[in-house]
Amino acid sequence: MTDRVRFLKQQMESISDQNVFFERVKLLLEAEEKYRNADNGKKYVMCFRHMLDGMTVAIREQELIVGMAREELLSEQQEEEFARQCARYNFKVTELFTFDPLKIIEITDSDERFAPAWFNSYGHCIPDWEHVLETGFYGIGQEAERRMAAGNLTEEQIEFLENSIIAANSMSSFIARYAACAEQESRTATGQEKARLEEIAEICRNLSRGGASTFREALQLVWFCMLVLQTVCGARDYAYGRLDQYLYPYYRKDIREGRLTCEKALELLECLFIKTNEVIGYSWEAYKSKRVLSVNSLQYVILAGMDEHGNDMTNDVSWLTIEAVNELKVKQPTVNIRYHKNIDRAFFDRAVEITASGLGYPSYFNDHVVIPALINSGVSREIAYDYGYYGCNNSFLPGHEDELREAWHCGPKYLEYAMNSGACMITGRVQGAVTASPCKLKNMEDLFDALRLQMRDGIRKTVAHVERSDQYWMELKPFSFESILMTDCIDRASSMNDKGSLQKHINNHFVGLATVANSLYAVNRLVFEEKRFTLTEFVELLKSNWEGEEYLRNYVKERFPKFGNDDSEVDEIACRVARIFVEELKKAAHTDTGRKLYPSIYSLWHHREFGKKCAASADGRFMGEEISESQSPVYGTEANGPTAMFNSVAKLPFDQTPSGGINVKFQPRLFQGEKGYRNLGTLLEGYFDKGGMHAQVNVIGRETLEDAVEHPEKHKNLLVRVVGYSAYFVSLSPEQQREMIDRTEL
Amino acid sequence: MTGRIFDIQRFSIGNGPGVRTTVFLKGCPLRCKWCHNPEALSPEPQIKINGRLCRKCGLCGRVCPQGVHVLKDGIHTLHTERCIGCGKCENACCYGCVSLIGSDRTPEETADIVLADRIYYEKSGGGVTFSGGEPMLQYEFIEAVAGMLKGVSIYIDTCGYCDEKIFFTMLHHMDGVLFDLKHMDNEKHKILTGVGNEKILANFAAAVSSGIPLQVRYPMIPGANDDDENISRMCALLLEYGITHLEVSPYHDFGTQKYRELGQEPHFFPAYTQSGQEDRLKRIERMGIIPTVI
């Protein structure tokens, strides 16, 4: 780490989470007033221009990559005003982008968002970075003008192109303001400082007139975009995408022509990554999170991968990226690696070493599964090979889509409805499809049929909702800044929300799969095989929350086979449930707004809220308890170690699910020793060879171990490294557990 | 034909190269005073209770035909001498607290479990390790399982106390051996482990001359086998055989809880201090052997 980078990192870490980008509010309200009679698209772009023309432009000490949003600590009066404006103008977007078709949980926006309806963004996308860097904003403006001149356009299309020109020119002017600022400051500077400012001025001048020509210009242009997207448009989870792919040509040219060394390149990349953290808030899930629209944004980078011929795409910039994040150890970016069988072994080895050291990333996606999943969901081959991810394991084809759309399908709730004629077992209200009553379900086939119908119903509701949402956005936001960053919007003269993007999708996340599988196994055994209850009686027992059957509940919970232990019977049930979901989505095909329906097995954190609204489940779970998370086994039921767990999960139909993922927890000591990290590589490669899709490896710290002491039943699968062997933490004596905790570094 | 197994641990590291599955066989001819796997010693099935998961419901006591389980003053204890290994208590317990250690598995069942993780062995140069207890006591079972594991690396973790002809035959089925050396002096070996070391040293020589990949392990026990003389003799033997590396397993008391869970009392040795342990390791190094602490 150079001294400069160390300094910039310290500066970034001292930015207070109390600060607010207050001038954004002022500028947007001014613009709203001025352009109140303009129609939606024009109003948006004039607000955009007004912001870029008016927001403070400043260059900080020692920066090499410039561009910032001026934040301030608010006075009491300003606080009041800010709160008032947020309450008044908080346009609740969440329900339109991310929602629950069964409406059993509430997904809400924070109240401290200044997100007015006339100037709104949801983020969650990946621009066509390659194109943006090559063309620059001046070039993008020219593209729009050429398209306009080519004619054959509707009125709406003309308006879109006019707005595109204004937006592109606004960006050029904004970048020119930085050039002017640097130039002015350079006049009174001397020596090295003068040189630094003059260089910044030249770079910004170039970028205000065209695309990037050098590695540093490329990084700078990427940052100007990211800055504006996050702080001006105001949203989070914009991704860097395949950073190593689009930066590499610039890097290679500079190195060959002697303009750049790899040490300098590392420093520049680290400057960009530090910038990344300036706008997202410092503390994770802090008590009072930073009041900025990009708070806690996940800035995904995705590296390596293979091309259509199976060639490995790892390059020097891939290496620089992992070394940079490993050196900086800051909150973002989140680095992901596209694994494939021919990946550069040394690169993969190094990445695994970093992950095993406890950084929490890189995470890994498996090309051999994700690419077929995209193709199976209707994406063309060529585009599928260029896939990226952003935010929370959300698949995205850079430049070809719009913003996030996702629906959360609560699996255990579908099963509840299937067993109870479509009615919630807690409230009795019919919320699902009215399927046969439990006395009419004579065997497991009948139950699976009813479950299928419940899923079909939830999917139908999803499609209806997202079609409404799409219509809404087409009218509300016929223009957005993001659109001119996408591949086809200017050529098609339409916004990404409308006809501009051709590969839009909605993620259909299936939540609680392991809970459903374990429950179906239990129903089959207790009701249809052992005939201990009729299904009707068993449903009543679940409705009563296992009343009077504490012994049975524990027996089912402890002794019945569970998904995640490489047991073929219960694993097959999980696969069957997932396949039914995939089939039903295929039947629904796509929305009438052209949006593909991607299947996914994923929960984010919704397994907790869903759990609260689910009745007792047949796997021994009480009403209100958490259901299973993402692709994982039910918490605490893994008894056969990580290889068995990965074997189970790998059986799921991931070649159909482009989105989703799994978090796995290990204690770092399992991978200790000179080449101990290779054990992690073994697990990942074995898992991927068997059909696994993704893995994020979390290193657990003291709190988890402390919790395991208090609640051993919740941590039965927690594997730790004892002297010379691995053992389950809960099997150690209190003294040994204490010693293990004391020895945990993190 | 079945094998009596008390654990199959997947994702074992440190029991031979790579990621392995360790099959722990029940029964051992030795009674090492520091043993941290007491459930491995008797070849018979035994009851084990996890005190922390026990809810004191008393169900195990009610189904037990022999009166093994006693719940008194909120404490669950065992009359292990009465146990006939019927397993009724394990079946009855719904909190995962009672286990019958030692179940009989066929070679096919065992091979199936081992083969389930084949891909991880391939990626890491791993395989299966037979351990225990003393796996050689069930050598026929191991032979049968090995025959079903074509292409999988097979290691055996042995104390070497075994008929020499059997040992020699088994070497041909193995891809590697983990061999313990506990004490070089026959009399002291008898006091510490219950048996002398002549057979052990003879089998050790046989392993060396067979050329099989060999990893020597030294359980280092304070005051018992870590004096200068024993270390010297042991290192001299290794050097004679051309062995330069030694895996050292310094005494730890992580197994003592297991004794209590089996209703037994453990034997304690003083723990090593950091400097005490380092001093012993240096002694080994000065003899020209490279120690690795495992």
# chains A, B, ... in the order shown; residues from 1 in each chain; ligands from 1

$ interface_residues --of "chain B" --to "chain A" --cutoff "7 Å" --atoms "only C-alpha atoms" --output "MDAnalysis selection string"
chainID B and resid 10:14 19 94:96 117 119:120 123:124 254 257 294

$ select_by_dssp --residues "segment 123-225 of chain B" --states "strand (DSSP E or B)" --output "list in words"
Gly127, Val128, Thr129, Phe130, Ser131, Gly132, Ser153, Ile154, Tyr155, Ile156, Asp157, Thr158, Gly176, Val177, Leu178, Phe179, Asp180, Leu214, Gln215, Val216, Arg217, Tyr218, Pro219 and Met220 of chain B

$ residues_around --residues "Asp491 of chain A" --least-positions-apart "4" --cutoff "12 Å" --atoms "only C-alpha atoms" --output "VMD selection string"
chain A and resid 140 to 153 157 to 158 160 to 161 164 483 to 487 495 to 496 499 to 502

$ residues_around --residues "Gly210 of chain A" --least-positions-apart "6" --cutoff "8 Å" --atoms "only C-alpha atoms" --output "list of chain:residue names"
A:Thr135, A:Gly136, A:Phe137, A:Tyr138, A:Gly139

$ write_last_selection --atoms "all heavy atoms" --output "mmCIF file, in the first residue's frame"
data_model
loop_
_atom_site.group_PDB
_atom_site.id
_atom_site.type_symbol
_atom_site.label_atom_id
_atom_site.label_comp_id
_atom_site.auth_asym_id
_atom_site.auth_seq_id
_atom_site.Cartn_x
_atom_site.Cartn_y
_atom_site.Cartn_z
ATOM 1 N N THR A 135 -16.775 5.164 -25.786
ATOM 2 C CA THR A 135 -17.466 6.274 -26.443
ATOM 3 C C THR A 135 -17.392 7.580 -25.673
ATOM 4 O O THR A 135 -17.329 8.652 -26.268
ATOM 5 C CB THR A 135 -18.940 5.904 -26.630
ATOM 6 O OG1 THR A 135 -19.028 4.542 -27.009
ATOM 7 C CG2 THR A 135 -19.601 6.767 -27.669
ATOM 8 N N GLY A 136 -17.448 7.470 -24.354
ATOM 9 C CA GLY A 136 -17.497 8.695 -23.544
ATOM 10 C C GLY A 136 -18.844 9.383 -23.699
ATOM 11 O O GLY A 136 -19.644 9.046 -24.588
ATOM 12 N N PHE A 137 -19.093 10.377 -22.864
ATOM 13 C CA PHE A 137 -20.411 11.020 -22.900
ATOM 14 C C PHE A 137 -20.595 11.924 -24.099
ATOM 15 O O PHE A 137 -21.688 12.028 -24.651
ATOM 16 C CB PHE A 137 -20.693 11.738 -21.573
ATOM 17 C CG PHE A 137 -21.022 10.754 -20.507
ATOM 18 C CD1 PHE A 137 -20.071 10.355 -19.592
ATOM 19 C CD2 PHE A 137 -22.270 10.148 -20.482
ATOM 20 C CE1 PHE A 137 -20.367 9.381 -18.644
ATOM 21 C CE2 PHE A 137 -22.574 9.182 -19.544
ATOM 22 C CZ PHE A 137 -21.618 8.787 -18.627
ATOM 23 N N TYR A 138 -19.501 12.530 -24.485
ATOM 24 C CA TYR A 138 -19.598 13.325 -25.701
ATOM 25 C C TYR A 138 -20.020 12.413 -26.853
ATOM 26 O O TYR A 138 -20.900 12.738 -27.646
ATOM 27 C CB TYR A 138 -18.240 13.984 -25.985
ATOM 28 C CG TYR A 138 -18.242 14.840 -27.197
ATOM 29 C CD1 TYR A 138 -18.899 16.076 -27.201
ATOM 30 C CD2 TYR A 138 -17.608 14.419 -28.386
ATOM 31 C CE1 TYR A 138 -18.914 16.858 -28.330
ATOM 32 C CE2 TYR A 138 -17.627 15.205 -29.514
ATOM 33 C CZ TYR A 138 -18.279 16.431 -29.480
ATOM 34 O OH TYR A 138 -18.312 17.203 -30.599
ATOM 35 N N GLY A 139 -19.393 11.251 -26.923
ATOM 36 C CA GLY A 139 -19.701 10.284 -27.965
ATOM 37 C C GLY A 139 -21.125 9.759 -27.876
ATOM 38 O O GLY A 139 -21.791 9.554 -28.903
#

$ select_by_dssp --residues "segment 50-228 of chain B" --states "alpha helix (DSSP H)" --output "VMD selection string"
chain B and resid 59 to 63 88 to 92 107 to 115 118 to 124 139 to 147 164 to 173 186 to 193 198 to 210 228

$ residues_around --residues "Glu609 of chain A" --least-positions-apart "3" --cutoff "10 Å" --atoms "only C-alpha atoms" --output "PyMOL selection string"
chain A and resi 104-107+605-606+612-614+624-627

$ write_last_selection --atoms "C-alpha atoms" --output "compact mmCIF listing (two decimals), in the first residue's frame"
# COMPACT_ATOMS: atom_id res chain seq x y z
CA ILE A 104 -47.55 -11.88 3.97
CA ILE A 105 -44.51 -9.75 4.70
CA GLU A 106 -43.95 -6.06 4.34
CA ILE A 107 -40.96 -4.89 2.36
CA TRP A 605 -32.86 -12.25 4.99
CA HIS A 606 -36.54 -12.74 4.26
CA LYS A 612 -42.65 -15.21 11.64
CA LYS A 613 -45.73 -15.49 9.44
CA CYS A 614 -45.58 -19.23 8.85
CA GLY A 624 -42.94 -18.07 13.98
CA GLU A 625 -39.48 -19.63 13.90
CA GLU A 626 -37.06 -18.96 11.08
CA ILE A 627 -37.42 -21.01 7.95

$ residues_around --residues "Thr321 of chain A" --least-positions-apart "3" --cutoff "9 Å" --atoms "only C-alpha atoms" --output "ChimeraX atom specification"
/A:243-244,266,269-270,301,303,316-318,324-326,335

$ residues_around --residues "Cys57 of chain B" --least-positions-apart "2" --cutoff "12 Å" --atoms "only C-alpha atoms" --output "list in words"
Glu550 and Tyr551 of chain A; Leu53, Cys54, Arg55, Leu59, Cys60, Gly61, Arg62, Val63, His69, Val70, Leu71, Lys72, Gly74, Ile75, His76, Cys89, Ala92, Cys93, Cys94, Tyr95, Cys97 and Val98 of chain B

$ closest_residue --among "A:Val463, A:Leu102, A:Gln431, A:Gly411" --to "Leu520 of chain A" --atoms "only C-alpha atoms"
A:Gly411

$ atom_distance --atom1 "atom CA of Pro412 of chain A" --atom2 "atom CA of Tyr390 of chain A"
27.3 Å

$ atom_distance --atom1 "atom CA of Leu214 of chain B" --atom2 "atom CA of Ser103 of chain B"
29.7 Å

$ closest_residue --among "B:Asp163, B:Glu134, B:Glu90, B:Glu198" --to "Asn37 of chain B" --atoms "only C-alpha atoms"
B:Glu134
